[in-house]
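Trainee: I have a structure here, written as structure tokens, and I will follow up with some questions on it.
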Amino acid sequence: MKNNISPAHGKLGVLVVGINGAVATTFIAGLFAIKKGYGKPFGSLTQLGTIRLGKRSDMNFPKINEFVPLADINDIVIGGWDIFDQNLYDAASESKVLEQKDIDPIKQELQSLRPMRAVFDNYYVKKLNGTYIKSAATKMELAEQLRADIRDFKSKNSVDRLVMIWCGSTEIYMGRNDVHNTIENFEKALQENDVNITPSMLYAYAAIMEGVPYANGAPNLTVDIPALIELSKHKNVPIAGKDFKTGQTLIKTVIAPMLKARMLGLQGWFSTNILGNRDGEVLDDPFSFKTKEESKLSVLEQILQPDLYPELYKNFYHKVRINYYPPRGDSKEGWDNIDIFGWLGYPMQIKVDFLCRDSILAAPIVLDLVLFIDLAQRVGMNGIQEWLSFYFKSPMHAPEVYPEHDLFIQQSKLKNTLRHIMGEDLITHLGLEYYEE
Ligand SMILES: NC(=O)c1ccc[n+]([C@@H]2O[C@H](COP(=O)([O-])OP(=O)(O)OC[C@H]3O[C@@H](n4cnc5c(N)ncnc54)[C@H](O)[C@@H]3O)[C@@H](O)[C@H]2O)c1
């Protein structure tokens, strides 16, 4: 495959939906700070990770960004949309994730960024009332306006390539139905203002139509529908989603595979969170919470496979709670109480109290995703990028397979994909060759 990769020449435009939010501003402010040498990109695999090549005895571990031709962070140009018209310095200060002392040295860069007018409808995010939004007679016209924004951004900033990433709010729960099944139905529904077409779907449609890769950081259905998956293949555009895997689910997808690997049983898993940022406020609405809940609940069933191991995992009780608690701001606390059992059924407990920072965990994921999905496009990969499951709570997957949630299987899949892209041998961890005479 190696010979077919087009180089990362020129500038990469990164279009962020929800550019004034906590995740987006933490990512963007962080990017400026890192470029100026004020901070380090901790948490980012593309910036810090290495990859083993060849045999273990070869001791060959290049840095990932020296092994695959990723865009340089100095070539990134930021743009995006939000429902409030505010420059990014004010937005970053207001979100209170980063301290003012870390934002002030990059004030000028942040002040120069303002969102484009958003596509938004309060029906889909009940807790927010946008004031900086587009209007048009049909959803198709709104999508056309987004497409025009993309083209304008590209020409005004002289960028060579673009990617789009959704860092916007969680929309109300939306199941798949007929209008999502084919592109004909979908486009008809755009013309007819069908309620099943959400604002996030308009951004994804606009991106794909403009040949721009799309990554979905929220649990919203968005691009995870047959119509847009087909369109992405047809337009040769990579897509990835959904819902950044940052805190509690990151831990869950490490502990659950460990229990299964050692054949320890599970009686119940109670997960609760307190958080006080705008995301927490949006998720306080039961309709948006349902979208998040579905995303958070799915992982255990898939990892533990109760049908294969009924004695261990049949009927385990799994509860996820998110409580909006303003005093904590972005500094979320996630508790897990895990009731397990071992030899002869004797009960044990695991307690996890993760005092994390939501956006600090999410920002490096945004960076990695935009760099990897841009790479995927230059390699000629299109449709669902399952190798990016590593970054998502509800990984998109082909209809005939179940999603892979185990963090370390996801990591192997990601690294093997990079080896495959570069024409290197895949690593199976068999290792018998070290013991052969
Ligand atoms: N931080 C994490 O750890 C994490 C993990 C997984 C998923 N997420 C998801 O990422 C998203 C962003 O999280 P956040 O903490 O930054 O939330 P936030 O509320 O701070 O930011 C969301 C931003 O999106 C904007 N927005 C909403 N609808 C929009 C639209 N239609 N068009 C343009 N802008 C729109 C809002 O005005 C806001 O500025 C949420 O959906 C959240 O659930 C976050």
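For the structure tokens, the naming scheme is as follows: chains receive sequential letters (A, B, ...) according to their order of presentation, residues are indexed from 1 within each chain, and ligands are indexed from 1 in presentation order.
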Which residues of chain A come within 6 Å of ligand 1, and for each one, what is the closest pair of atoms and their distance in Å to one decimal, counting only C-alpha atoms and all ligand atoms, sorted by chain and residue number, as a Markdown table?

Mentor:
```
| residue | atom | partner | partner_atom_place_in_ligand_line | distance |
| --- | --- | --- | --- | --- |
| A:Val17 | CA | ligand 1 | 33 (C) | 4.9 |
| A:Gly18 | CA | ligand 1 | 24 (O) | 3.3 |
| A:Asn20 | CA | ligand 1 | 39 (O) | 4.2 |
| A:Gly21 | CA | ligand 1 | 21 (O) | 3.2 |
| A:Ala22 | CA | ligand 1 | 16 (O) | 3.7 |
| A:Val23 | CA | ligand 1 | 16 (O) | 3.7 |
| A:Ala24 | CA | ligand 1 | 16 (O) | 5.8 |
| A:Trp81 | CA | ligand 1 | 33 (C) | 4.9 |
| A:Asp82 | CA | ligand 1 | 34 (N) | 3.6 |
| A:Ile83 | CA | ligand 1 | 37 (O) | 4.9 |
| A:Phe84 | CA | ligand 1 | 37 (O) | 5.9 |
| A:Ala118 | CA | ligand 1 | 32 (N) | 4.6 |
| A:Val119 | CA | ligand 1 | 31 (N) | 5.1 |
| A:Phe120 | CA | ligand 1 | 31 (N) | 4.1 |
| A:Cys167 | CA | ligand 1 | 12 (C) | 4.4 |
| A:Gly168 | CA | ligand 1 | 24 (O) | 3.2 |
| A:Ser169 | CA | ligand 1 | 41 (O) | 3.7 |
| A:Thr170 | CA | ligand 1 | 41 (O) | 3.8 |
| A:Pro199 | CA | ligand 1 | 31 (N) | 5.4 |
| A:Gly217 | CA | ligand 1 | 10 (O) | 5.2 |
| A:Ala218 | CA | ligand 1 | 41 (O) | 4.1 |
| A:Asp243 | CA | ligand 1 | 7 (C) | 4.6 |
| A:Phe244 | CA | ligand 1 | 6 (C) | 3.9 |
| A:Lys245 | CA | ligand 1 | 6 (C) | 5.7 |
| A:Thr246 | CA | ligand 1 | 3 (O) | 4.9 |
| A:Arg278 | CA | ligand 1 | 19 (O) | 4.1 |
| A:Asp279 | CA | ligand 1 | 19 (O) | 4.1 |
| A:Asp358 | CA | ligand 1 | 3 (O) | 3.8 |
| A:Ser359 | CA | ligand 1 | 1 (N) | 4.2 |
| A:Leu361 | CA | ligand 1 | 3 (O) | 5.9 |
| A:Ala362 | CA | ligand 1 | 3 (O) | 4.9 |
```

Trainee: Using C-alpha atoms, can you write the selected residues to a file as an mmCIF file, in the first residue's frame?

Mentor:
```
data_model
loop_
_atom_site.group_PDB
_atom_site.id
_atom_site.type_symbol
_atom_site.label_atom_id
_atom_site.label_comp_id
_atom_site.auth_asym_id
_atom_site.auth_seq_id
_atom_site.Cartn_x
_atom_site.Cartn_y
_atom_site.Cartn_z
ATOM 1 C CA VAL A 17 -18.432 21.759 14.842
ATOM 2 C CA GLY A 18 -19.077 23.249 18.274
ATOM 3 C CA ASN A 20 -16.679 27.287 21.222
ATOM 4 C CA GLY A 21 -17.282 24.273 23.436
ATOM 5 C CA ALA A 22 -15.086 22.923 26.207
ATOM 6 C CA VAL A 23 -13.515 20.096 24.200
ATOM 7 C CA ALA A 24 -12.945 22.229 21.100
ATOM 8 C CA TRP A 81 -19.177 26.605 13.605
ATOM 9 C CA ASP A 82 -21.019 27.383 16.814
ATOM 10 C CA ILE A 83 -24.455 28.548 17.855
ATOM 11 C CA PHE A 84 -23.054 31.459 19.886
ATOM 12 C CA ALA A 118 -24.342 27.162 12.808
ATOM 13 C CA VAL A 119 -27.119 24.861 11.707
ATOM 14 C CA PHE A 120 -29.077 24.275 14.880
ATOM 15 C CA CYS A 167 -17.311 18.479 19.055
ATOM 16 C CA GLY A 168 -20.866 19.810 19.324
ATOM 17 C CA SER A 169 -23.509 18.908 21.865
ATOM 18 C CA THR A 170 -25.236 15.567 22.275
ATOM 19 C CA PRO A 199 -28.462 19.116 12.410
ATOM 20 C CA GLY A 217 -17.093 12.882 18.840
ATOM 21 C CA ALA A 218 -20.633 12.704 20.237
ATOM 22 C CA ASP A 243 -18.520 9.346 21.049
ATOM 23 C CA PHE A 244 -14.988 10.033 22.300
ATOM 24 C CA LYS A 245 -13.827 7.322 24.711
ATOM 25 C CA THR A 246 -12.301 9.449 27.441
ATOM 26 C CA ARG A 278 -22.264 22.637 29.577
ATOM 27 C CA ASP A 279 -22.094 19.045 28.360
ATOM 28 C CA ASP A 358 -13.204 15.633 30.617
ATOM 29 C CA SER A 359 -11.789 17.995 28.052
ATOM 30 C CA LEU A 361 -8.808 13.694 28.133
ATOM 31 C CA ALA A 362 -10.728 14.544 24.958
#
```

Trainee: Quick one: pick out all strand (DSSP E or B) residues within segment 81-217 of chain A from a backbone DSSP run and write them as a list in words.

Mentor: Trp81, Asp82, Met116, Arg117, Ala118, Ile133, Arg161, Leu162, Val163, Met164, Ile165, Trp166, Tyr214, Ala215 and Asn216 of chain A

Trainee: Between A:Thr291, A:Ser95, A:Asn337, A:Asn236, which is the closest to Thr222 of chain A once you count only C-alpha atoms?

Mentor: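 Ranked by minimum distance to Thr222 of chain A, first place goes to A:Thr291.
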
Trainee: Could you give me, as a short mmCIF file (atom, residue, chain, number, x, y, z; two decimals) with N, CA and C atoms, in the first residue's frame, the residues within 8 Å of segment 9-16 of chain A, counting only C-alpha atoms and dropping anything in the same chain fewer than 6 positions from it?

Mentor:
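Saved to around-v1.cif:
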```cif
data_model
loop_
_atom_site.label_atom_id
_atom_site.label_comp_id
_atom_site.auth_asym_id
_atom_site.auth_seq_id
_atom_site.Cartn_x
_atom_site.Cartn_y
_atom_site.Cartn_z
N ALA A 24 -13.55 21.56 22.26
CA ALA A 24 -12.95 22.23 21.10
C ALA A 24 -11.94 23.30 21.55
N ALA A 71 0.13 14.78 8.87
CA ALA A 71 0.29 16.23 8.76
C ALA A 71 1.03 16.75 9.98
N ASP A 75 1.02 22.79 10.37
CA ASP A 75 0.28 23.01 9.11
C ASP A 75 -1.23 23.01 9.31
N ILE A 76 -1.68 22.91 10.57
CA ILE A 76 -3.13 22.87 10.81
C ILE A 76 -3.70 24.30 10.83
N VAL A 77 -4.81 24.48 10.13
CA VAL A 77 -5.54 25.76 10.16
C VAL A 77 -6.93 25.46 10.70
N ILE A 78 -7.34 26.20 11.73
CA ILE A 78 -8.60 25.90 12.40
C ILE A 78 -9.75 26.78 11.91
N GLY A 79 -10.91 26.16 11.79
CA GLY A 79 -12.16 26.90 11.54
C GLY A 79 -13.30 26.12 12.16
N GLY A 80 -14.51 26.64 12.08
CA GLY A 80 -15.63 25.86 12.60
C GLY A 80 -16.88 26.67 12.83
N TRP A 81 -17.85 26.00 13.41
CA TRP A 81 -19.18 26.60 13.61
C TRP A 81 -19.56 26.55 15.08
N LYS A 154 -11.93 26.90 2.54
CA LYS A 154 -10.80 26.29 1.83
C LYS A 154 -10.09 27.35 0.97
N SER A 158 -6.43 29.05 1.85
CA SER A 158 -5.51 28.30 0.98
C SER A 158 -5.09 26.98 1.58
N VAL A 159 -6.05 26.23 2.09
CA VAL A 159 -5.68 24.91 2.62
C VAL A 159 -5.76 23.87 1.50
N ASP A 160 -4.93 22.86 1.63
CA ASP A 160 -4.89 21.82 0.60
C ASP A 160 -5.91 20.73 0.85
N ARG A 161 -6.11 20.44 2.14
CA ARG A 161 -7.04 19.36 2.51
C ARG A 161 -7.85 19.82 3.71
N LEU A 162 -8.99 19.14 3.94
CA LEU A 162 -9.84 19.48 5.07
C LEU A 162 -10.27 18.22 5.79
N VAL A 163 -10.53 18.34 7.08
CA VAL A 163 -11.27 17.31 7.81
C VAL A 163 -12.29 18.02 8.68
N MET A 164 -13.38 17.33 9.03
CA MET A 164 -14.38 17.91 9.92
C MET A 164 -14.54 17.00 11.13
N ILE A 165 -14.64 17.62 12.31
CA ILE A 165 -14.86 16.81 13.51
C ILE A 165 -15.98 17.43 14.33
N TRP A 166 -16.91 16.59 14.78
CA TRP A 166 -18.03 17.05 15.59
C TRP A 166 -17.61 17.08 17.06
N CYS A 167 -17.51 18.31 17.61
CA CYS A 167 -17.31 18.48 19.06
C CYS A 167 -18.52 19.22 19.61
N VAL A 370 -8.06 13.83 13.89
CA VAL A 370 -7.98 14.64 12.67
C VAL A 370 -6.74 14.24 11.86
#
```

Trainee: For Ala148 of chain A, please output as a list in words all residues within 12 Å (counting only C-alpha atoms; exclusion window: fewer than 6 positions along the same chain).

Mentor: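 My list of contacting residues is Met116, Arg117, Glu141, Leu142, Lys154, Ser155, Lys156, Tyr203, Ala206, Ala207, Met209 and Glu210 of chain A.
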
Trainee: Those same residues - N, CA and C atoms - I'd like them written as a compact mmCIF listing (two decimals), in the first residue's frame.

Mentor:
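Written out: out-v2.txt:
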```
# COMPACT_ATOMS: atom_id res chain seq x y z
N MET A 116 -18.29 30.20 12.45
CA MET A 116 -19.26 30.48 11.39
C MET A 116 -20.65 30.20 11.97
N ARG A 117 -21.65 30.77 11.35
CA ARG A 117 -23.03 30.60 11.81
C ARG A 117 -23.44 29.12 11.70
N GLU A 141 -31.34 23.18 1.83
CA GLU A 141 -30.70 24.51 1.66
C GLU A 141 -29.70 24.79 2.79
N LEU A 142 -30.03 24.33 3.98
CA LEU A 142 -29.07 24.51 5.09
C LEU A 142 -27.78 23.74 4.79
N LYS A 154 -11.93 26.90 2.54
CA LYS A 154 -10.80 26.29 1.83
C LYS A 154 -10.09 27.35 0.97
N SER A 155 -10.86 28.13 0.26
CA SER A 155 -10.18 29.08 -0.63
C SER A 155 -9.59 30.26 0.16
N LYS A 156 -10.32 30.76 1.17
CA LYS A 156 -9.78 31.91 1.93
C LYS A 156 -8.49 31.57 2.66
N TYR A 203 -24.33 18.50 8.76
CA TYR A 203 -22.88 18.75 8.70
C TYR A 203 -22.17 17.57 8.03
N ALA A 206 -22.86 17.49 4.35
CA ALA A 206 -22.12 18.56 3.67
C ALA A 206 -20.64 18.18 3.53
N ALA A 207 -20.08 17.64 4.61
CA ALA A 207 -18.66 17.26 4.58
C ALA A 207 -18.42 16.21 3.49
N MET A 209 -20.20 15.35 0.92
CA MET A 209 -20.44 15.86 -0.44
C MET A 209 -19.26 16.70 -0.93
N GLU A 210 -18.57 17.36 0.03
CA GLU A 210 -17.40 18.17 -0.36
C GLU A 210 -16.11 17.36 -0.32
```

Trainee: Any idea what the distance is between atom CA of Lys242 of chain A and atom CA of Pro62 of chain A?

Mentor: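 Distance between the two atoms: 29.2 Å.
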
Trainee: Which of these residues is nearest to Lys40 of chain A, using only C-alpha atoms: A:Cys356, A:Pro364, A:Leu369, A:Glu171?

Mentor: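 The shortest atom-to-atom distance to Lys40 of chain A comes from A:Pro364.
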
Trainee: Would you tabulate, counting only C-alpha atoms, all residues of segment 258-332 of chain A that have an atom at most 7 Å from an atom of segment 388-411 of chain A, showing the closest pair of atoms and their distance in Å to one decimal, sorted by chain then ascending number, as CSV?

Mentor:
```
residue,atom,partner,partner_atom,distance
A:Ser295,CA,A:Ser394,CA,5.6
A:Lys296,CA,A:Lys393,CA,6.7
A:Val299,CA,A:His405,CA,6.2
A:Ile303,CA,A:His405,CA,6.4
```

Trainee: Could you write out, as number ranges by chain, all the residues of segment 217-322 of chain A that DSSP marks as helix (DSSP H, G or I)?

Mentor: A: 226-234, 248-261, 278-283, 286-304, 310-313

Trainee: Of the residues A:Ile229, A:Ile421, A:Ala240, A:Ala143, which is the one nearest to Ser200 of chain A, using only C-alpha atoms?

Mentor: A:Ala143

Trainee: Mind pulling up the distance from atom CA of Pro41 of chain A to atom CA of Lys2 of chain A?

Mentor: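 Result for atom CA of Lys2 of chain A versus atom CA of Pro41 of chain A: 27.4 Å, one decimal.
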
Trainee: Contacts of Ala92 of chain A at 12 Å or less, counting only C-alpha atoms, minus same-chain residues fewer than 4 places along, as a ChimeraX atom specification?

Mentor: /A:19-30,86-88,96-104,106-107,109-111,113-114,359

Trainee: Write the selection just made, keeping C-alpha atoms, as a PDB file, in the first residue's frame?

Mentor:
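Just written: part25.pdb:
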```pdb
ATOM      1  CA  ILE A  19     -15.854  25.240  18.101  1.00  0.00           C
ATOM      2  CA  ASN A  20     -16.679  27.287  21.222  1.00  0.00           C
ATOM      3  CA  GLY A  21     -17.282  24.273  23.436  1.00  0.00           C
ATOM      4  CA  ALA A  22     -15.086  22.923  26.207  1.00  0.00           C
ATOM      5  CA  VAL A  23     -13.515  20.096  24.200  1.00  0.00           C
ATOM      6  CA  ALA A  24     -12.945  22.229  21.100  1.00  0.00           C
ATOM      7  CA  THR A  25     -11.402  25.210  22.896  1.00  0.00           C
ATOM      8  CA  THR A  26      -9.185  22.941  24.997  1.00  0.00           C
ATOM      9  CA  PHE A  27      -7.987  21.223  21.834  1.00  0.00           C
ATOM     10  CA  ILE A  28      -7.405  24.470  19.932  1.00  0.00           C
ATOM     11  CA  ALA A  29      -5.800  26.413  22.788  1.00  0.00           C
ATOM     12  CA  GLY A  30      -3.652  23.355  23.464  1.00  0.00           C
ATOM     13  CA  GLN A  86     -17.970  34.548  20.534  1.00  0.00           C
ATOM     14  CA  ASN A  87     -14.262  34.631  19.807  1.00  0.00           C
ATOM     15  CA  LEU A  88     -12.294  31.637  21.013  1.00  0.00           C
ATOM     16  CA  LYS A  96     -12.822  27.263  32.574  1.00  0.00           C
ATOM     17  CA  VAL A  97     -10.991  24.102  31.597  1.00  0.00           C
ATOM     18  CA  LEU A  98      -7.585  25.717  31.141  1.00  0.00           C
ATOM     19  CA  GLU A  99      -6.300  28.274  33.589  1.00  0.00           C
ATOM     20  CA  GLN A 100      -6.150  31.886  32.468  1.00  0.00           C
ATOM     21  CA  LYS A 101      -2.366  31.842  32.793  1.00  0.00           C
ATOM     22  CA  ASP A 102      -2.285  29.166  30.082  1.00  0.00           C
ATOM     23  CA  ILE A 103      -4.763  30.946  27.811  1.00  0.00           C
ATOM     24  CA  ASP A 104      -3.359  34.475  28.004  1.00  0.00           C
ATOM     25  CA  ILE A 106      -2.069  32.678  23.142  1.00  0.00           C
ATOM     26  CA  LYS A 107      -4.767  35.335  23.450  1.00  0.00           C
ATOM     27  CA  GLU A 109      -4.357  33.546  18.176  1.00  0.00           C
ATOM     28  CA  LEU A 110      -7.566  32.643  19.996  1.00  0.00           C
ATOM     29  CA  GLN A 111      -9.114  36.088  19.578  1.00  0.00           C
ATOM     30  CA  LEU A 113     -10.888  32.856  15.627  1.00  0.00           C
ATOM     31  CA  ARG A 114     -14.679  33.251  15.467  1.00  0.00           C
ATOM     32  CA  SER A 359     -11.789  17.995  28.052  1.00  0.00           C
TER      33      SER A 359
END
```

Trainee: With distances taken over only C-alpha atoms, which of A:Asp336, A:Met174, A:Thr46, A:Trp269 is nearest to Glu294 of chain A?

Mentor: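 Closest to Glu294 of chain A, using only C-alpha atoms: A:Met174.
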
Trainee: Can you tell me which residues surround Ser232 of chain A at a distance of at most 10 Å, considering only C-alpha atoms, apart from same-chain residues fewer than 6 positions away, and format the answer as a list in words?

Mentor: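 Counting only the stated atoms, we get Ala204, Tyr205, Ala207, Ile208, Met209, Gly211, Val212, Pro213, Tyr214, Val223, Pro226, Pro238, Ile239, Asn382, Gly383 and Ile384 of chain A.
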
Trainee: Dump C-alpha atoms for the selected residues as a CSV table (one decimal), in the first residue's frame?

Mentor:
```csv
chain,number,residue,atom,x,y,z
A,204,ALA,CA,-21.9,15.2,7.9
A,205,TYR,CA,-23.7,15.2,4.6
A,207,ALA,CA,-18.7,17.3,4.6
A,208,ILE,CA,-19.0,14.1,2.6
A,209,MET,CA,-20.4,15.9,-0.4
A,211,GLY,CA,-15.0,15.2,-0.1
A,212,VAL,CA,-14.1,16.0,3.5
A,213,PRO,CA,-13.5,13.2,6.1
A,214,TYR,CA,-15.9,13.3,9.1
A,223,VAL,CA,-23.1,9.4,10.0
A,226,PRO,CA,-26.6,3.3,5.7
A,238,PRO,CA,-13.3,8.2,5.4
A,239,ILE,CA,-15.7,8.5,8.3
A,382,ASN,CA,-13.1,5.3,2.5
A,383,GLY,CA,-16.3,4.5,4.5
A,384,ILE,CA,-16.1,3.4,8.2
```

Trainee: Would you please work out which residue, of A:Gly380, A:Gly280, A:Ser298, A:Gln385, is nearest to Glu333 of chain A when using only C-alpha atoms?

Mentor: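 Comparing A:Gly380, A:Gly280, A:Ser298, A:Gln385 against Glu333 of chain A, the winner is A:Gly280.
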
Trainee: Give me, as JSON, numbers by chain, all polymer residues having an atom no more than 12 Å from segment 350-355 of chain A, counting only C-alpha atoms and skipping those fewer than 3 positions away in the same chain.

Mentor: {"A": [246, 247, 248, 249, 250, 251, 252, 255, 256, 259, 266, 267, 268, 269, 270, 271, 272, 273, 274, 275, 328, 330, 331, 332, 333, 334, 335, 336, 337, 338, 339, 340, 341, 347, 358, 360, 361]}

Trainee: Between A:Lys233, A:Gly276, A:Asp72, A:Leu418, single out the one closest to Lys35 of chain A, counting only C-alpha atoms.

Mentor: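 Going through A:Lys233, A:Gly276, A:Asp72, A:Leu418 one by one, the smallest distance to Lys35 of chain A is for A:Asp72.
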